[in-house]
Amino acid sequence: MRKQANATFTIKSWDEKAYEEKEGAPKLTRAGVTKEYKGDIEGEAKVEYLMMYRSAGSASFIGLERVTGSVGGRSGSFVLQHSGTFEKGIAKVTLSVVPGSGTGNLLGMSGEGGFSAGHQPPHAMTLDYSVE
């Protein structure tokens with residue numbers, strides 16, 4: 001049965017470094033991020049983002065995030081795949097649970113979700129999910 005988890009997250013750390021910068025080309029960066037979740041999702045997470053910045057200050061990015069804690073009272077961990085854009089101060093992100101990534105009581109988890117976040121925490125997110 002499909003359920004919806006509503007949670008908020010705060011970013012605890014953000015360590016971003018450029019790995020390629022060329023004159024006249026978009027800058028490429030990698031960021032290691034730690035997050036804390038509250039609500040229907042409780043726990044901590046580590047994310048690795050790869051980002052491409054355009055000259056106008058907008059960006060496109062992808063990422064993998066391991067969430068460790070609980071979802072709807074079930075404990076374990078799972079991995080979210082991120083695909084997003086950053087424009088006019090807002091990150092818009094589509095999330096999907098990576099198949100086969102669930103552990104513990106989250107074994108067999110699947111789902112999709114997303115969030116839109118500015119610079120003011122906490123950030124709200126939703127995840128429609130099921131656990132086999």
# chains A, B, ... in the order shown; residues from 1 in each chain; ligands from 1
$ residues_around --residues "Glu20 of chain A" --least-positions-apart "5" --cutoff "10 Å" --atoms "only C-alpha atoms" --output "compact mmCIF listing (two decimals) with N, CA, C and O atoms, in the first residue's frame"
# COMPACT_ATOMS: atom_id res chain seq x y z
N ALA A 25 33.01 28.45 -20.24
CA ALA A 25 32.24 27.20 -20.09
C ALA A 25 31.63 27.15 -18.69
O ALA A 25 32.15 27.76 -17.75
N PRO A 26 30.53 26.42 -18.53
CA PRO A 26 29.93 26.30 -17.21
C PRO A 26 30.89 25.66 -16.20
O PRO A 26 31.67 24.77 -16.56
N LYS A 27 30.82 26.14 -14.95
CA LYS A 27 31.64 25.60 -13.87
C LYS A 27 31.02 24.30 -13.37
O LYS A 27 29.81 24.20 -13.20
N LEU A 28 31.86 23.28 -13.11
CA LEU A 28 31.41 22.00 -12.57
C LEU A 28 31.90 21.87 -11.13
O LEU A 28 33.08 22.11 -10.86
N THR A 29 30.99 21.52 -10.21
CA THR A 29 31.36 21.37 -8.82
C THR A 29 30.83 20.06 -8.24
O THR A 29 29.93 19.43 -8.81
N ARG A 30 31.39 19.70 -7.10
CA ARG A 30 30.94 18.54 -6.32
C ARG A 30 30.71 19.06 -4.90
O ARG A 30 31.53 19.81 -4.38
N MET A 52 26.34 21.83 -12.23
CA MET A 52 26.84 22.62 -13.34
C MET A 52 26.20 24.00 -13.24
O MET A 52 24.98 24.12 -13.24
$ residues_around --residues "Ser101 of chain A" --least-positions-apart "6" --cutoff "9 Å" --atoms "only C-alpha atoms" --output "ChimeraX atom specification"
/A:66,77-80,107-110
$ residues_around --residues "Thr8 of chain A" --least-positions-apart "4" --cutoff "8 Å" --atoms "only C-alpha atoms" --output "list in words"
Tyr37, Lys38, Gly39, Pro122, His123, Ala124 and Met125 of chain A
$ residues_around --residues "Glu65 of chain A" --least-positions-apart "3" --cutoff "10 Å" --atoms "only C-alpha atoms" --output "PyMOL selection string"
chain A and resi 32-35+45-49+68+78-82+95+97-98
$ atom_distance --atom1 "atom CA of Ser58 of chain A" --atom2 "atom CA of Ala117 of chain A"
14.1 Å
$ atom_distance --atom1 "atom CA of Ala7 of chain A" --atom2 "atom CA of Val71 of chain A"
9.6 Å
$ closest_residue --among "A:Ile11, A:Leu106, A:Ile90, A:Met1" --to "Glu44 of chain A" --atoms "only C-alpha atoms"
A:Ile11
$ residues_around --residues "Gly72 of chain A" --least-positions-apart "6" --cutoff "12 Å" --atoms "only C-alpha atoms" --output "list in words"
Arg2, Lys3, Gln4, Ala5, Asn6, Ala7, Lys38, Gly39, Asp40, Ile41, Glu42, Gly43, Asn105, Leu106, Met109, Leu127, Asp128, Tyr129, Ser130 and Val131 of chain A
$ write_last_selection --atoms "N, CA and C atoms" --output "mmCIF file, in the first residue's frame"
data_model
loop_
_atom_site.group_PDB
_atom_site.id
_atom_site.type_symbol
_atom_site.label_atom_id
_atom_site.label_comp_id
_atom_site.auth_asym_id
_atom_site.auth_seq_id
_atom_site.Cartn_x
_atom_site.Cartn_y
_atom_site.Cartn_z
ATOM 1 N N ARG A 2 0.544 2.200 -0.865
ATOM 2 C CA ARG A 2 1.292 3.445 -1.009
ATOM 3 C C ARG A 2 0.943 4.392 0.134
ATOM 4 N N LYS A 3 1.955 5.041 0.688
ATOM 5 C CA LYS A 3 1.772 6.030 1.752
ATOM 6 C C LYS A 3 2.502 7.301 1.360
ATOM 7 N N GLN A 4 2.181 8.404 2.050
ATOM 8 C CA GLN A 4 2.913 9.651 1.811
ATOM 9 C C GLN A 4 3.598 10.085 3.092
ATOM 10 N N ALA A 5 4.886 10.331 3.007
ATOM 11 C CA ALA A 5 5.664 10.866 4.122
ATOM 12 C C ALA A 5 5.851 12.359 3.881
ATOM 13 N N ASN A 6 5.519 13.149 4.891
ATOM 14 C CA ASN A 6 5.751 14.595 4.877
ATOM 15 C C ASN A 6 6.794 14.893 5.939
ATOM 16 N N ALA A 7 7.851 15.566 5.541
ATOM 17 C CA ALA A 7 8.948 15.836 6.464
ATOM 18 C C ALA A 7 9.568 17.189 6.156
ATOM 19 N N LYS A 38 13.047 15.664 10.027
ATOM 20 C CA LYS A 38 12.049 15.583 11.096
ATOM 21 C C LYS A 38 10.679 15.417 10.454
ATOM 22 N N GLY A 39 9.787 14.719 11.151
ATOM 23 C CA GLY A 39 8.444 14.489 10.637
ATOM 24 C C GLY A 39 8.236 13.010 10.374
ATOM 25 N N ASP A 40 7.540 12.684 9.269
ATOM 26 C CA ASP A 40 7.321 11.280 8.922
ATOM 27 C C ASP A 40 8.629 10.573 8.570
ATOM 28 N N ILE A 41 9.640 11.354 8.195
ATOM 29 C CA ILE A 41 11.000 10.843 8.006
ATOM 30 C C ILE A 41 11.840 11.451 9.128
ATOM 31 N N GLU A 42 12.456 10.600 9.932
ATOM 32 C CA GLU A 42 13.307 11.041 11.048
ATOM 33 C C GLU A 42 14.693 10.469 10.839
ATOM 34 N N GLY A 43 15.714 11.300 10.962
ATOM 35 C CA GLY A 43 17.069 10.768 10.866
ATOM 36 C C GLY A 43 18.030 11.737 10.225
ATOM 37 N N ASN A 105 14.047 -2.499 8.230
ATOM 38 C CA ASN A 105 12.605 -2.533 8.000
ATOM 39 C C ASN A 105 12.175 -1.731 6.778
ATOM 40 N N LEU A 106 13.139 -1.173 6.036
ATOM 41 C CA LEU A 106 12.846 -0.449 4.797
ATOM 42 C C LEU A 106 13.289 -1.253 3.569
ATOM 43 N N MET A 109 11.879 -0.981 -0.268
ATOM 44 C CA MET A 109 11.225 0.331 -0.382
ATOM 45 C C MET A 109 11.303 0.848 -1.814
ATOM 46 N N LEU A 127 7.343 12.432 0.121
ATOM 47 C CA LEU A 127 7.805 11.189 -0.495
ATOM 48 C C LEU A 127 6.640 10.208 -0.486
ATOM 49 N N ASP A 128 6.155 9.847 -1.682
ATOM 50 C CA ASP A 128 5.137 8.809 -1.823
ATOM 51 C C ASP A 128 5.897 7.486 -1.925
ATOM 52 N N TYR A 129 5.614 6.552 -1.003
ATOM 53 C CA TYR A 129 6.439 5.354 -0.937
ATOM 54 C C TYR A 129 5.626 4.119 -0.571
ATOM 55 N N SER A 130 6.243 2.978 -0.803
ATOM 56 C CA SER A 130 5.701 1.707 -0.316
ATOM 57 C C SER A 130 6.888 0.825 0.067
ATOM 58 N N VAL A 131 6.632 -0.110 0.969
ATOM 59 C CA VAL A 131 7.653 -1.063 1.403
ATOM 60 C C VAL A 131 7.058 -2.452 1.235
#
$ atom_distance --atom1 "atom CA of Gly24 of chain A" --atom2 "atom CA of Leu64 of chain A"
28.5 Å
$ residues_around --residues "Ala59 of chain A" --least-positions-apart "2" --cutoff "7 Å" --atoms "only C-alpha atoms" --output "tab-separated table (two decimals) with all heavy atoms, in the first residue's frame"
chain	number	residue	atom	x	y	z
A	51	MET	N	27.21	19.34	-9.76
A	51	MET	CA	26.47	20.51	-10.23
A	51	MET	C	27.17	21.19	-11.39
A	51	MET	O	28.39	21.14	-11.50
A	51	MET	CB	26.31	21.50	-9.07
A	51	MET	CG	25.45	20.92	-7.97
A	51	MET	SD	25.35	21.96	-6.52
A	51	MET	CE	26.90	21.59	-5.76
A	52	MET	N	26.34	21.83	-12.23
A	52	MET	CA	26.84	22.62	-13.34
A	52	MET	C	26.20	24.00	-13.24
A	52	MET	O	24.98	24.12	-13.24
A	52	MET	CB	26.46	22.00	-14.69
A	52	MET	CG	27.02	22.79	-15.86
A	52	MET	SD	26.13	22.52	-17.39
A	52	MET	CE	24.75	23.64	-17.15
A	53	TYR	N	27.05	25.03	-13.08
A	53	TYR	CA	26.56	26.40	-12.95
A	53	TYR	C	26.64	27.12	-14.29
A	53	TYR	O	27.68	27.12	-14.94
A	53	TYR	CB	27.42	27.18	-11.94
A	53	TYR	CG	27.16	26.78	-10.51
A	53	TYR	CD1	27.93	25.80	-9.90
A	53	TYR	CD2	26.14	27.38	-9.78
A	53	TYR	CE1	27.70	25.43	-8.59
A	53	TYR	CE2	25.91	27.02	-8.47
A	53	TYR	CZ	26.69	26.05	-7.87
A	53	TYR	OH	26.46	25.70	-6.58
A	54	ARG	N	25.53	27.76	-14.67
A	54	ARG	CA	25.51	28.60	-15.86
A	54	ARG	C	25.91	30.02	-15.47
A	54	ARG	O	25.85	30.40	-14.30
A	54	ARG	CB	24.11	28.57	-16.49
A	54	ARG	CG	23.80	27.22	-17.13
A	54	ARG	CD	22.40	27.17	-17.71
A	54	ARG	NE	21.38	26.87	-16.72
A	54	ARG	CZ	21.17	25.67	-16.18
A	54	ARG	NH1	21.91	24.64	-16.53
A	54	ARG	NH2	20.22	25.49	-15.30
A	57	GLY	N	23.88	32.32	-13.07
A	57	GLY	CA	23.72	31.97	-11.67
A	57	GLY	C	22.77	30.80	-11.44
A	57	GLY	O	22.58	30.38	-10.31
A	61	PHE	N	21.69	19.97	-11.36
A	61	PHE	CA	22.45	19.06	-10.51
A	61	PHE	C	21.78	17.70	-10.40
A	61	PHE	O	20.59	17.54	-10.66
A	61	PHE	CB	22.66	19.66	-9.11
A	61	PHE	CG	21.39	20.03	-8.39
A	61	PHE	CD1	20.76	19.12	-7.56
A	61	PHE	CD2	20.83	21.29	-8.55
A	61	PHE	CE1	19.60	19.45	-6.89
A	61	PHE	CE2	19.67	21.63	-7.89
A	61	PHE	CZ	19.05	20.70	-7.06
A	85	THR	N	17.14	21.56	-10.44
A	85	THR	CA	17.60	22.83	-11.00
A	85	THR	C	17.59	23.87	-9.89
A	85	THR	O	16.86	23.75	-8.91
A	85	THR	CB	16.69	23.32	-12.14
A	85	THR	OG1	15.36	23.46	-11.64
A	85	THR	CG2	16.72	22.37	-13.32
A	86	PHE	N	18.42	24.89	-10.05
A	86	PHE	CA	18.46	26.01	-9.13
A	86	PHE	C	18.33	27.28	-9.96
A	86	PHE	O	19.17	27.53	-10.83
A	86	PHE	CB	19.78	26.03	-8.34
A	86	PHE	CG	19.87	27.15	-7.35
A	86	PHE	CD1	19.22	27.07	-6.13
A	86	PHE	CD2	20.58	28.30	-7.66
A	86	PHE	CE1	19.30	28.12	-5.21
A	86	PHE	CE2	20.66	29.35	-6.76
A	86	PHE	CZ	20.02	29.25	-5.53
A	87	GLU	N	17.23	28.02	-9.75
A	87	GLU	CA	17.00	29.26	-10.48
A	87	GLU	C	16.31	30.26	-9.57
A	87	GLU	O	15.42	29.89	-8.80
A	87	GLU	CB	16.12	29.02	-11.70
A	87	GLU	CG	16.79	28.16	-12.76
A	87	GLU	CD	15.92	28.00	-13.99
A	87	GLU	OE1	15.99	28.90	-14.85
A	87	GLU	OE2	15.19	27.00	-14.07
$ select_by_dssp --residues "chain A" --states "strand (DSSP E)" --output "MDAnalysis selection string"
chainID A and resid 3:20 27:39 41:53 59:71 74:87 90:97 109:117 123:131
$ closest_residue --among "A:Lys22, A:Gly113, A:Trp14, A:Val67" --to "Ser55 of chain A" --atoms "only C-alpha atoms"
A:Lys22
$ closest_residue --among "A:Phe115, A:Glu132, A:Glu23, A:Glu16" --to "Gly84 of chain A" --atoms "only C-alpha atoms"
A:Phe115
$ closest_residue --among "A:Val93, A:Ser75, A:Ser60, A:Lys17" --to "Gly114 of chain A" --atoms "only C-alpha atoms"
A:Val93
$ decode --residues "segment 14-26 of chain A" --atoms "N, CA, C and O atoms" --output "PDB file, in the first residue's frame"
ATOM      1  N   TRP A  14      27.628  21.885   4.271  1.00  0.00           N
ATOM      2  CA  TRP A  14      27.694  21.941   2.811  1.00  0.00           C
ATOM      3  C   TRP A  14      29.144  22.225   2.440  1.00  0.00           C
ATOM      4  O   TRP A  14      29.657  23.299   2.723  1.00  0.00           O
ATOM      5  N   ASP A  15      29.818  21.250   1.835  1.00  0.00           N
ATOM      6  CA  ASP A  15      31.221  21.393   1.444  1.00  0.00           C
ATOM      7  C   ASP A  15      31.302  21.244  -0.073  1.00  0.00           C
ATOM      8  O   ASP A  15      31.242  20.138  -0.592  1.00  0.00           O
ATOM      9  N   GLU A  16      31.426  22.383  -0.768  1.00  0.00           N
ATOM     10  CA  GLU A  16      31.401  22.398  -2.235  1.00  0.00           C
ATOM     11  C   GLU A  16      32.735  22.865  -2.792  1.00  0.00           C
ATOM     12  O   GLU A  16      33.298  23.852  -2.315  1.00  0.00           O
ATOM     13  N   LYS A  17      33.212  22.133  -3.810  1.00  0.00           N
ATOM     14  CA  LYS A  17      34.465  22.492  -4.471  1.00  0.00           C
ATOM     15  C   LYS A  17      34.314  22.318  -5.979  1.00  0.00           C
ATOM     16  O   LYS A  17      33.690  21.363  -6.434  1.00  0.00           O
ATOM     17  N   ALA A  18      34.914  23.244  -6.722  1.00  0.00           N
ATOM     18  CA  ALA A  18      34.927  23.119  -8.182  1.00  0.00           C
ATOM     19  C   ALA A  18      35.891  22.003  -8.568  1.00  0.00           C
ATOM     20  O   ALA A  18      36.949  21.844  -7.961  1.00  0.00           O
ATOM     21  N   TYR A  19      35.503  21.197  -9.553  1.00  0.00           N
ATOM     22  CA  TYR A  19      36.446  20.204 -10.065  1.00  0.00           C
ATOM     23  C   TYR A  19      36.817  20.481 -11.512  1.00  0.00           C
ATOM     24  O   TYR A  19      37.741  19.883 -12.033  1.00  0.00           O
ATOM     25  N   GLU A  20      36.110  21.419 -12.174  1.00  0.00           N
ATOM     26  CA  GLU A  20      36.548  21.874 -13.489  1.00  0.00           C
ATOM     27  C   GLU A  20      35.983  23.256 -13.760  1.00  0.00           C
ATOM     28  O   GLU A  20      34.783  23.480 -13.666  1.00  0.00           O
ATOM     29  N   GLU A  21      36.890  24.181 -14.080  1.00  0.00           N
ATOM     30  CA  GLU A  21      36.510  25.537 -14.471  1.00  0.00           C
ATOM     31  C   GLU A  21      37.296  25.900 -15.716  1.00  0.00           C
ATOM     32  O   GLU A  21      38.521  25.793 -15.729  1.00  0.00           O
ATOM     33  N   LYS A  22      36.565  26.291 -16.789  1.00  0.00           N
ATOM     34  CA  LYS A  22      37.199  26.694 -18.036  1.00  0.00           C
ATOM     35  C   LYS A  22      36.593  28.012 -18.472  1.00  0.00           C
ATOM     36  O   LYS A  22      35.387  28.229 -18.331  1.00  0.00           O
ATOM     37  N   GLU A  23      37.421  28.848 -19.032  1.00  0.00           N
ATOM     38  CA  GLU A  23      36.964  30.141 -19.554  1.00  0.00           C
ATOM     39  C   GLU A  23      35.861  29.926 -20.579  1.00  0.00           C
ATOM     40  O   GLU A  23      36.001  29.122 -21.503  1.00  0.00           O
ATOM     41  N   GLY A  24      34.722  30.612 -20.392  1.00  0.00           N
ATOM     42  CA  GLY A  24      33.623  30.542 -21.343  1.00  0.00           C
ATOM     43  C   GLY A  24      32.770  29.289 -21.257  1.00  0.00           C
ATOM     44  O   GLY A  24      31.910  29.069 -22.100  1.00  0.00           O
ATOM     45  N   ALA A  25      33.010  28.452 -20.237  1.00  0.00           N
ATOM     46  CA  ALA A  25      32.242  27.204 -20.086  1.00  0.00           C
ATOM     47  C   ALA A  25      31.626  27.155 -18.685  1.00  0.00           C
ATOM     48  O   ALA A  25      32.151  27.762 -17.751  1.00  0.00           O
ATOM     49  N   PRO A  26      30.531  26.424 -18.532  1.00  0.00           N
ATOM     50  CA  PRO A  26      29.927  26.300 -17.207  1.00  0.00           C
ATOM     51  C   PRO A  26      30.885  25.662 -16.198  1.00  0.00           C
ATOM     52  O   PRO A  26      31.669  24.773 -16.556  1.00  0.00           O
TER      53      PRO A  26
END
